[in-house]
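K.L.:
This one is structure-v8.pdb, PDB, C-alpha atoms.
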MODEL        1
ATOM      1  CA  MET E   1     252.067 231.300 109.039  1.00  0.00           C
ATOM      2  CA  LEU E   2     251.004 233.613 106.200  1.00  0.00           C
ATOM      3  CA  ASN E   3     247.454 232.328 106.599  1.00  0.00           C
ATOM      4  CA  LEU E   4     247.244 233.333 110.270  1.00  0.00           C
ATOM      5  CA  LEU E   5     245.450 236.657 109.707  1.00  0.00           C
ATOM      6  CA  PRO E   6     242.877 235.202 107.260  1.00  0.00           C
ATOM      7  CA  ALA E   7     242.297 232.301 109.666  1.00  0.00           C
ATOM      8  CA  PHE E   8     241.836 234.724 112.554  1.00  0.00           C
ATOM      9  CA  CYS E   9     239.434 236.979 110.634  1.00  0.00           C
ATOM     10  CA  SER E  10     237.466 233.999 109.371  1.00  0.00           C
ATOM     11  CA  ASP E  11     237.150 232.571 112.865  1.00  0.00           C
ATOM     12  CA  LEU E  12     235.806 235.885 114.183  1.00  0.00           C
ATOM     13  CA  GLN E  13     232.788 235.379 111.920  1.00  0.00           C
ATOM     14  CA  ARG E  14     231.995 231.996 113.448  1.00  0.00           C
ATOM     15  CA  PRO E  15     228.584 232.356 115.163  1.00  0.00           C
ATOM     16  CA  TRP E  16     229.261 229.829 117.910  1.00  0.00           C
ATOM     17  CA  LEU E  17     232.381 231.720 118.966  1.00  0.00           C
ATOM     18  CA  TRP E  18     230.170 234.485 120.342  1.00  0.00           C
ATOM     19  CA  LYS E  19     227.203 232.283 121.259  1.00  0.00           C
ATOM     20  CA  GLY E  20     229.419 229.973 123.309  1.00  0.00           C
ATOM     21  CA  SER E  21     231.060 232.877 125.124  1.00  0.00           C
ATOM     22  CA  ALA E  22     227.661 234.444 125.796  1.00  0.00           C
ATOM     23  CA  LEU E  23     226.271 231.183 127.186  1.00  0.00           C
ATOM     24  CA  GLY E  24     229.303 230.753 129.421  1.00  0.00           C
ATOM     25  CA  ALA E  25     228.994 234.329 130.695  1.00  0.00           C
ATOM     26  CA  LEU E  26     225.265 233.918 131.341  1.00  0.00           C
ATOM     27  CA  LEU E  27     225.913 230.727 133.295  1.00  0.00           C
ATOM     28  CA  VAL E  28     228.490 232.461 135.498  1.00  0.00           C
ATOM     29  CA  LEU E  29     226.190 235.464 135.979  1.00  0.00           C
ATOM     30  CA  GLY E  30     223.272 233.210 136.838  1.00  0.00           C
ATOM     31  CA  LEU E  31     225.231 231.362 139.516  1.00  0.00           C
ATOM     32  CA  LEU E  32     226.593 234.624 140.890  1.00  0.00           C
ATOM     33  CA  GLY E  33     223.121 236.134 140.926  1.00  0.00           C
ATOM     34  CA  LEU E  34     221.757 233.206 142.903  1.00  0.00           C
ATOM     35  CA  LEU E  35     224.585 233.522 145.444  1.00  0.00           C
ATOM     36  CA  ILE E  36     224.017 237.255 145.817  1.00  0.00           C
ATOM     37  CA  VAL E  37     220.263 236.855 146.243  1.00  0.00           C
ATOM     38  CA  ALA E  38     220.812 234.085 148.797  1.00  0.00           C
ATOM     39  CA  ALA E  39     223.309 236.226 150.712  1.00  0.00           C
ATOM     40  CA  SER E  40     220.950 239.218 150.670  1.00  0.00           C
ATOM     41  CA  LEU E  41     218.034 237.149 151.989  1.00  0.00           C
ATOM     42  CA  GLU E  42     220.209 235.524 154.641  1.00  0.00           C
ATOM     43  CA  SER E  43     221.280 238.806 156.200  1.00  0.00           C
ATOM     44  CA  GLN E  44     219.240 241.995 156.207  1.00  0.00           C
ATOM     45  CA  ALA E  45     222.226 244.094 157.309  1.00  0.00           C
ATOM     46  CA  PRO E  46     225.409 244.511 155.209  1.00  0.00           C
ATOM     47  CA  THR E  47     227.851 241.710 156.005  1.00  0.00           C
ATOM     48  CA  PRO E  48     231.520 242.708 156.343  1.00  0.00           C
ATOM     49  CA  GLY E  49     233.644 240.939 153.768  1.00  0.00           C
ATOM     50  CA  LEU E  50     230.655 239.786 151.684  1.00  0.00           C
ATOM     51  CA  GLY E  51     231.976 241.515 148.588  1.00  0.00           C
ATOM     52  CA  ARG E  52     235.381 239.850 148.957  1.00  0.00           C
ATOM     53  CA  VAL E  53     233.877 236.378 149.369  1.00  0.00           C
ATOM     54  CA  LEU E  54     231.538 236.756 146.401  1.00  0.00           C
ATOM     55  CA  ARG E  55     234.296 238.262 144.270  1.00  0.00           C
ATOM     56  CA  LYS E  56     236.577 235.317 145.004  1.00  0.00           C
ATOM     57  CA  THR E  57     233.755 232.907 144.177  1.00  0.00           C
ATOM     58  CA  GLY E  58     232.935 234.801 141.000  1.00  0.00           C
ATOM     59  CA  LEU E  59     236.537 234.754 139.812  1.00  0.00           C
ATOM     60  CA  SER E  60     236.705 231.015 140.442  1.00  0.00           C
ATOM     61  CA  LEU E  61     233.475 230.482 138.498  1.00  0.00           C
ATOM     62  CA  MET E  62     234.805 232.692 135.704  1.00  0.00           C
ATOM     63  CA  LEU E  63     238.032 230.697 135.422  1.00  0.00           C
ATOM     64  CA  THR E  64     236.185 227.382 135.349  1.00  0.00           C
ATOM     65  CA  GLY E  65     233.408 228.497 133.026  1.00  0.00           C
ATOM     66  CA  ALA E  66     235.821 230.069 130.541  1.00  0.00           C
ATOM     67  CA  SER E  67     237.972 226.932 130.530  1.00  0.00           C
ATOM     68  CA  ILE E  68     234.977 224.761 129.603  1.00  0.00           C
ATOM     69  CA  VAL E  69     233.938 227.142 126.812  1.00  0.00           C
ATOM     70  CA  GLY E  70     237.553 227.235 125.609  1.00  0.00           C
ATOM     71  CA  ALA E  71     237.748 223.446 125.489  1.00  0.00           C
ATOM     72  CA  PHE E  72     234.427 223.194 123.651  1.00  0.00           C
ATOM     73  CA  SER E  73     235.596 225.718 121.050  1.00  0.00           C
ATOM     74  CA  PHE E  74     237.966 223.014 119.836  1.00  0.00           C
ATOM     75  CA  THR E  75     236.188 219.763 120.636  1.00  0.00           C
ATOM     76  CA  ALA E  76     232.790 220.813 119.208  1.00  0.00           C
ATOM     77  CA  ASP E  77     234.168 221.591 115.750  1.00  0.00           C
ATOM     78  CA  TYR E  78     236.612 218.693 115.858  1.00  0.00           C
ATOM     79  CA  ARG E  79     233.779 216.266 116.593  1.00  0.00           C
ATOM     80  CA  THR E  80     231.734 217.482 113.614  1.00  0.00           C
ATOM     81  CA  GLY E  81     234.755 217.608 111.292  1.00  0.00           C
ATOM     82  CA  SER E  82     234.440 221.330 110.557  1.00  0.00           C
ATOM     83  CA  PHE E  83     237.793 222.078 112.165  1.00  0.00           C
ATOM     84  CA  ASN E  84     239.445 219.580 109.815  1.00  0.00           C
ATOM     85  CA  ARG E  85     238.024 221.541 106.892  1.00  0.00           C
ATOM     86  CA  ARG E  86     239.559 224.720 108.326  1.00  0.00           C
ATOM     87  CA  VAL E  87     242.902 222.947 108.448  1.00  0.00           C
ATOM     88  CA  LEU E  88     242.587 222.115 104.748  1.00  0.00           C
ATOM     89  CA  LEU E  89     241.761 225.751 104.020  1.00  0.00           C
ATOM     90  CA  PHE E  90     244.344 227.531 106.210  1.00  0.00           C
ATOM     91  CA  GLN E  91     246.846 224.759 107.157  1.00  0.00           C
ATOM     92  CA  ARG E  92     247.364 223.372 110.632  1.00  0.00           C
ATOM     93  CA  GLY E  93     249.395 226.082 112.343  1.00  0.00           C
ATOM     94  CA  PRO E  94     247.284 229.093 111.309  1.00  0.00           C
ATOM     95  CA  ALA E  95     244.005 227.242 111.925  1.00  0.00           C
ATOM     96  CA  PHE E  96     245.063 226.251 115.449  1.00  0.00           C
ATOM     97  CA  SER E  97     246.584 229.629 116.365  1.00  0.00           C
ATOM     98  CA  GLY E  98     243.667 231.566 114.871  1.00  0.00           C
ATOM     99  CA  ARG E  99     241.140 229.531 116.836  1.00  0.00           C
ATOM    100  CA  ALA E 100     243.138 229.944 120.066  1.00  0.00           C
ATOM    101  CA  ALA E 101     243.384 233.718 119.530  1.00  0.00           C
ATOM    102  CA  THR E 102     239.699 234.276 118.760  1.00  0.00           C
ATOM    103  CA  THR E 103     238.597 232.034 121.626  1.00  0.00           C
ATOM    104  CA  THR E 104     240.763 234.011 124.038  1.00  0.00           C
ATOM    105  CA  LEU E 105     239.540 237.340 122.635  1.00  0.00           C
ATOM    106  CA  ALA E 106     235.895 236.352 123.052  1.00  0.00           C
ATOM    107  CA  ALA E 107     236.652 235.207 126.600  1.00  0.00           C
ATOM    108  CA  LEU E 108     238.287 238.533 127.454  1.00  0.00           C
ATOM    109  CA  ILE E 109     235.193 240.391 126.281  1.00  0.00           C
ATOM    110  CA  SER E 110     232.770 238.114 128.131  1.00  0.00           C
ATOM    111  CA  GLY E 111     234.936 238.350 131.266  1.00  0.00           C
ATOM    112  CA  ALA E 112     234.832 242.132 131.141  1.00  0.00           C
ATOM    113  CA  LEU E 113     231.040 242.032 130.820  1.00  0.00           C
ATOM    114  CA  VAL E 114     230.724 239.631 133.759  1.00  0.00           C
ATOM    115  CA  GLY E 115     233.038 241.833 135.847  1.00  0.00           C
ATOM    116  CA  THR E 116     230.929 244.885 135.027  1.00  0.00           C
ATOM    117  CA  ALA E 117     227.734 243.050 135.909  1.00  0.00           C
ATOM    118  CA  PHE E 118     229.290 241.876 139.181  1.00  0.00           C
ATOM    119  CA  GLY E 119     230.059 245.475 140.115  1.00  0.00           C
ATOM    120  CA  LEU E 120     226.476 246.491 139.361  1.00  0.00           C
ATOM    121  CA  PHE E 121     225.174 243.560 141.408  1.00  0.00           C
ATOM    122  CA  GLY E 122     226.531 245.332 144.491  1.00  0.00           C
ATOM    123  CA  VAL E 123     223.388 247.473 144.454  1.00  0.00           C
ATOM    124  CA  PHE E 124     221.346 244.380 145.375  1.00  0.00           C
ATOM    125  CA  ALA E 125     223.634 243.706 148.338  1.00  0.00           C
ATOM    126  CA  ASP E 126     223.041 247.097 149.981  1.00  0.00           C
ATOM    127  CA  GLY E 127     226.102 248.608 148.353  1.00  0.00           C
ATOM    128  CA  ALA E 128     228.504 246.041 149.843  1.00  0.00           C
ATOM    129  CA  TRP E 129     230.721 246.677 146.810  1.00  0.00           C
ATOM    130  CA  HIS E 130     230.725 248.933 143.771  1.00  0.00           C
ATOM    131  CA  LEU E 131     231.719 248.863 140.126  1.00  0.00           C
ATOM    132  CA  ASN E 132     235.514 249.008 140.042  1.00  0.00           C
ATOM    133  CA  PRO E 133     237.743 249.002 136.919  1.00  0.00           C
ATOM    134  CA  VAL E 134     240.367 246.770 138.554  1.00  0.00           C
ATOM    135  CA  THR E 135     237.703 244.207 139.457  1.00  0.00           C
ATOM    136  CA  VAL E 136     236.547 244.227 135.838  1.00  0.00           C
ATOM    137  CA  LEU E 137     240.179 243.747 134.795  1.00  0.00           C
ATOM    138  CA  GLY E 138     240.456 240.759 137.149  1.00  0.00           C
ATOM    139  CA  PHE E 139     237.399 239.077 135.638  1.00  0.00           C
ATOM    140  CA  CYS E 140     238.512 239.924 132.106  1.00  0.00           C
ATOM    141  CA  VAL E 141     242.021 238.460 132.355  1.00  0.00           C
ATOM    142  CA  THR E 142     240.877 235.489 134.447  1.00  0.00           C
ATOM    143  CA  SER E 143     238.399 234.611 131.711  1.00  0.00           C
ATOM    144  CA  GLY E 144     241.101 234.884 129.050  1.00  0.00           C
ATOM    145  CA  MET E 145     243.468 232.685 131.046  1.00  0.00           C
ATOM    146  CA  GLY E 146     240.816 230.051 131.660  1.00  0.00           C
ATOM    147  CA  SER E 147     239.780 230.032 128.015  1.00  0.00           C
ATOM    148  CA  LEU E 148     243.301 229.480 126.698  1.00  0.00           C
ATOM    149  CA  TRP E 149     243.942 226.791 129.321  1.00  0.00           C
ATOM    150  CA  GLY E 150     240.742 224.990 128.342  1.00  0.00           C
ATOM    151  CA  PHE E 151     241.419 225.320 124.623  1.00  0.00           C
ATOM    152  CA  ALA E 152     244.884 223.807 124.970  1.00  0.00           C
ATOM    153  CA  LEU E 153     243.643 220.882 127.056  1.00  0.00           C
ATOM    154  CA  GLY E 154     240.627 220.397 124.803  1.00  0.00           C
ATOM    155  CA  SER E 155     242.889 220.107 121.772  1.00  0.00           C
ATOM    156  CA  LEU E 156     244.876 217.410 123.565  1.00  0.00           C
ATOM    157  CA  ILE E 157     241.811 215.487 124.788  1.00  0.00           C
ATOM    158  CA  ARG E 158     239.747 215.906 121.609  1.00  0.00           C
ATOM    159  CA  ASN E 159     236.663 214.432 123.264  1.00  0.00           C
ATOM    160  CA  HIS E 160     233.680 216.655 123.998  1.00  0.00           C
ATOM    161  CA  LEU E 161     232.302 214.778 126.996  1.00  0.00           C
ATOM    162  CA  VAL E 162     235.669 213.941 128.559  1.00  0.00           C
ATOM    163  CA  SER E 163     236.717 217.600 128.313  1.00  0.00           C
ATOM    164  CA  LEU E 164     233.629 218.625 130.268  1.00  0.00           C
ATOM    165  CA  PHE E 165     234.985 216.771 133.303  1.00  0.00           C
ATOM    166  CA  VAL E 166     238.752 216.762 132.837  1.00  0.00           C
ATOM    167  CA  VAL E 167     239.227 220.482 132.156  1.00  0.00           C
ATOM    168  CA  PRO E 168     237.439 221.744 135.330  1.00  0.00           C
ATOM    169  CA  LEU E 169     239.132 218.955 137.287  1.00  0.00           C
ATOM    170  CA  SER E 170     242.525 220.168 136.071  1.00  0.00           C
ATOM    171  CA  LEU E 171     241.782 223.475 137.813  1.00  0.00           C
ATOM    172  CA  ALA E 172     240.004 222.248 140.940  1.00  0.00           C
ATOM    173  CA  LEU E 173     241.988 219.156 141.906  1.00  0.00           C
ATOM    174  CA  PRO E 174     245.465 220.749 142.064  1.00  0.00           C
ATOM    175  CA  GLU E 175     244.078 223.642 144.111  1.00  0.00           C
ATOM    176  CA  LEU E 176     242.434 221.218 146.542  1.00  0.00           C
ATOM    177  CA  LEU E 177     245.709 219.355 146.900  1.00  0.00           C
ATOM    178  CA  SER E 178     247.858 222.491 147.176  1.00  0.00           C
ATOM    179  CA  PRO E 179     247.783 222.644 151.022  1.00  0.00           C
ATOM    180  CA  SER E 180     249.349 219.188 151.206  1.00  0.00           C
ATOM    181  CA  LEU E 181     251.984 220.176 148.640  1.00  0.00           C
ATOM    182  CA  GLY E 182     253.394 222.986 150.772  1.00  0.00           C
ATOM    183  CA  GLU E 183     255.263 225.714 148.889  1.00  0.00           C
ATOM    184  CA  THR E 184     254.994 223.733 145.658  1.00  0.00           C
ATOM    185  CA  GLY E 185     251.216 224.134 145.761  1.00  0.00           C
ATOM    186  CA  ARG E 186     251.600 227.869 145.274  1.00  0.00           C
ATOM    187  CA  LEU E 187     253.140 227.260 141.839  1.00  0.00           C
ATOM    188  CA  ILE E 188     250.060 225.537 140.394  1.00  0.00           C
ATOM    189  CA  PHE E 189     248.361 227.373 137.525  1.00  0.00           C
ATOM    190  CA  SER E 190     244.924 227.689 139.130  1.00  0.00           C
ATOM    191  CA  THR E 191     246.456 228.934 142.397  1.00  0.00           C
ATOM    192  CA  LEU E 192     248.623 231.502 140.604  1.00  0.00           C
ATOM    193  CA  ALA E 193     245.727 232.744 138.463  1.00  0.00           C
ATOM    194  CA  ALA E 194     243.390 233.020 141.469  1.00  0.00           C
ATOM    195  CA  ASN E 195     246.028 234.773 143.575  1.00  0.00           C
ATOM    196  CA  TRP E 196     246.708 237.338 140.849  1.00  0.00           C
ATOM    197  CA  ALA E 197     243.013 238.018 140.192  1.00  0.00           C
ATOM    198  CA  GLU E 198     242.138 238.397 143.884  1.00  0.00           C
ATOM    199  CA  ASN E 199     245.031 240.773 144.489  1.00  0.00           C
ATOM    200  CA  VAL E 200     244.589 242.909 141.393  1.00  0.00           C
ATOM    201  CA  ALA E 201     240.879 243.264 142.207  1.00  0.00           C
ATOM    202  CA  VAL E 202     241.855 245.206 145.342  1.00  0.00           C
ATOM    203  CA  ASN E 203     244.636 247.229 143.682  1.00  0.00           C
ATOM    204  CA  ILE E 204     247.486 245.021 144.903  1.00  0.00           C
ATOM    205  CA  PRO E 205     249.962 244.202 142.125  1.00  0.00           C
ATOM    206  CA  ALA E 206     250.927 240.544 141.981  1.00  0.00           C
ATOM    207  CA  PHE E 207     253.381 240.399 139.108  1.00  0.00           C
ATOM    208  CA  ALA E 208     254.984 237.141 140.246  1.00  0.00           C
ATOM    209  CA  SER E 209     251.652 235.304 140.227  1.00  0.00           C
ATOM    210  CA  PHE E 210     250.742 236.746 136.834  1.00  0.00           C
ATOM    211  CA  ALA E 211     254.122 235.804 135.360  1.00  0.00           C
ATOM    212  CA  GLY E 212     253.824 232.289 136.790  1.00  0.00           C
ATOM    213  CA  ALA E 213     250.330 231.777 135.362  1.00  0.00           C
ATOM    214  CA  LEU E 214     251.489 233.157 132.018  1.00  0.00           C
ATOM    215  CA  CYS E 215     254.406 230.716 131.965  1.00  0.00           C
ATOM    216  CA  TRP E 216     251.982 227.850 132.534  1.00  0.00           C
ATOM    217  CA  LEU E 217     249.813 229.045 129.639  1.00  0.00           C
ATOM    218  CA  VAL E 218     252.792 229.392 127.313  1.00  0.00           C
ATOM    219  CA  VAL E 219     254.069 225.899 128.135  1.00  0.00           C
ATOM    220  CA  VAL E 220     250.651 224.201 127.859  1.00  0.00           C
ATOM    221  CA  SER E 221     249.719 226.078 124.671  1.00  0.00           C
ATOM    222  CA  ALA E 222     253.090 225.324 123.069  1.00  0.00           C
ATOM    223  CA  ALA E 223     252.752 221.640 123.973  1.00  0.00           C
ATOM    224  CA  ALA E 224     249.195 221.516 122.601  1.00  0.00           C
ATOM    225  CA  SER E 225     250.278 223.232 119.384  1.00  0.00           C
ATOM    226  CA  TRP E 226     253.250 220.875 118.963  1.00  0.00           C
ATOM    227  CA  VAL E 227     251.022 217.824 119.425  1.00  0.00           C
ATOM    228  CA  PHE E 228     248.371 219.185 117.067  1.00  0.00           C
ATOM    229  CA  LEU E 229     250.912 219.841 114.309  1.00  0.00           C
ATOM    230  CA  ARG E 230     252.152 216.255 114.474  1.00  0.00           C
ATOM    231  CA  ARG E 231     249.110 214.250 115.468  1.00  0.00           C
ATOM    232  CA  ASP E 232     246.790 212.592 113.011  1.00  0.00           C
ATOM    233  CA  LEU E 233     243.543 214.528 112.551  1.00  0.00           C
ATOM    234  CA  ALA E 234     241.417 211.407 112.312  1.00  0.00           C
TER     235      ALA E 234
ENDMDL
END
For this file, write the structure as structure tokens.
P.N.:
Amino acid sequence: MLNLLPAFCSDLQRPWLWKGSALGALLVLGLLGLLIVAASLESQAPTPGLGRVLRKTGLSLMLTGASIVGAFSFTADYRTGSFNRRVLLFQRGPAFSGRAATTTLAALISGALVGTAFGLFGVFADGAWHLNPVTVLGFCVTSGMGSLWGFALGSLIRNHLVSLFVVPLSLALPELLSPSLGETGRLIFSTLAANWAENVAVNIPAFASFAGALCWLVVVSAAASWVFLRRDLA
């Protein structure tokens, strides 16, 4: 793992690392902006709970958008063969870990920017909500979680188009099925991540949900890394 730092620094200079994160953030902001404009036109008076509903929707969009960008950060370069060249240069472990780290870092930054923009959007909703550091933190960490989840699954799938559908489905489908799963449904990654983000955004600590989501990320990332180190690159 001596090549981890050079692999990380080299990956930070990859243009599409920042372009992909920016595109993902712009997509989330665009969808949020449309929802806010629609809500403002629908009701001339401030609607109680509007900020909470839009924040929950925004966090969900952030998790999904970041997961797609995270998956593409692997599948795009794998499809063109450029990631294989990085493996030859830095070896498998450092190349994989460096890409996962930079992808997550870029997602954290884009999430913080989206969270800040969401707070400023409150002006267009008659001050229904305001810029809040804990809300920014919720968007920031949610984006990082989604990105790492998507990257791990993308490295397992290795197909650009399939990842576009499977990765969001891995977040949406379990959450849709969670009511029928009873208490077990509360232990699903997407449910834990959403519960933590929604609570921390209103200054309610949810350490159990955060720890559960983190455990999911560790297990999935470790499994993806193990498979990548042993699987043929062709």
K.L.:
Starting from the PyMOL selection byres ((chain E and resi 172) around 12), expand the selection into actual residues of this file and give them as a ChimeraX atom specification.
P.N.:
/E:60-61,63-64,67,165-171,173-178,188-191,194
K.L.:
Write the residues of the selection above to a file with C-alpha atoms, as a PDB file, in the frame of the given file.
P.N.:
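Output (again-v9.pdb):
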ATOM      1  CA  SER E  60     236.705 231.015 140.442  1.00  0.00           C
ATOM      2  CA  LEU E  61     233.475 230.482 138.498  1.00  0.00           C
ATOM      3  CA  LEU E  63     238.032 230.697 135.422  1.00  0.00           C
ATOM      4  CA  THR E  64     236.185 227.382 135.349  1.00  0.00           C
ATOM      5  CA  SER E  67     237.972 226.932 130.530  1.00  0.00           C
ATOM      6  CA  PHE E 165     234.985 216.771 133.303  1.00  0.00           C
ATOM      7  CA  VAL E 166     238.752 216.762 132.837  1.00  0.00           C
ATOM      8  CA  VAL E 167     239.227 220.482 132.156  1.00  0.00           C
ATOM      9  CA  PRO E 168     237.439 221.744 135.330  1.00  0.00           C
ATOM     10  CA  LEU E 169     239.132 218.955 137.287  1.00  0.00           C
ATOM     11  CA  SER E 170     242.525 220.168 136.071  1.00  0.00           C
ATOM     12  CA  LEU E 171     241.782 223.475 137.813  1.00  0.00           C
ATOM     13  CA  LEU E 173     241.988 219.156 141.906  1.00  0.00           C
ATOM     14  CA  PRO E 174     245.465 220.749 142.064  1.00  0.00           C
ATOM     15  CA  GLU E 175     244.078 223.642 144.111  1.00  0.00           C
ATOM     16  CA  LEU E 176     242.434 221.218 146.542  1.00  0.00           C
ATOM     17  CA  LEU E 177     245.709 219.355 146.900  1.00  0.00           C
ATOM     18  CA  SER E 178     247.858 222.491 147.176  1.00  0.00           C
ATOM     19  CA  ILE E 188     250.060 225.537 140.394  1.00  0.00           C
ATOM     20  CA  PHE E 189     248.361 227.373 137.525  1.00  0.00           C
ATOM     21  CA  SER E 190     244.924 227.689 139.130  1.00  0.00           C
ATOM     22  CA  THR E 191     246.456 228.934 142.397  1.00  0.00           C
ATOM     23  CA  ALA E 194     243.390 233.020 141.469  1.00  0.00           C
TER      24      ALA E 194
END
K.L.:
Quick one: residues within 9 Å of Cys140 of chain E, only C-alpha atoms counted, chain neighbours fewer than 2 positions away excluded, as a ChimeraX atom specification?
P.N.:
/E:62,107-115,135-138,142-145
K.L.:
What gap, in Å, lies between atom CA of Arg79 of chain E and atom CA of Leu153 of chain E?
P.N.:
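Value for the atom CA of Arg79 of chain E-atom CA of Leu153 of chain E distance: 15.1 Å.
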K.L.:
Return the single residue from E:Thr80, E:Ser21, E:Asn199, E:Ser97 that is closest to Cys9 of chain E, with distances computed using only C-alpha atoms.
P.N.:
E:Ser97
K.L.:
In Å, rounded to a single decimal, give me how far atom CA of Tyr78 of chain E is from atom CA of Asp11 of chain E.
P.N.:
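If I compute the distance from atom CA of Asp11 of chain E to atom CA of Tyr78 of chain E, I get 14.2 Å.
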K.L.:
Considering all atoms listed in the file, return as a PyMOL selection string whatever protein or nucleic-acid residues lie within 9 Å of Ala222 of chain E, sequence-local ones (same chain, fewer than 5 positions apart) excluded.
P.N.:
chain E and resi 152+217+227
K.L.:
Just the selected residues (C-alpha atoms), exported as a JSON list (two decimals), in the frame of the given file, please.
P.N.:
[["chain", "number", "residue", "atom", "x", "y", "z"],
["E", 152, "ALA", "CA", 244.88, 223.81, 124.97],
["E", 217, "LEU", "CA", 249.81, 229.04, 129.64],
["E", 227, "VAL", "CA", 251.02, 217.82, 119.42]]
K.L.:
Name the closest residue to Val202 of chain E among the candidates E:Val134, E:Leu34, E:Ile68, E:Leu5; distances are taken between atoms, counting only C-alpha atoms.
P.N.:
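Counting only C-alpha atoms, the residue closest to Val202 of chain E is E:Val134.
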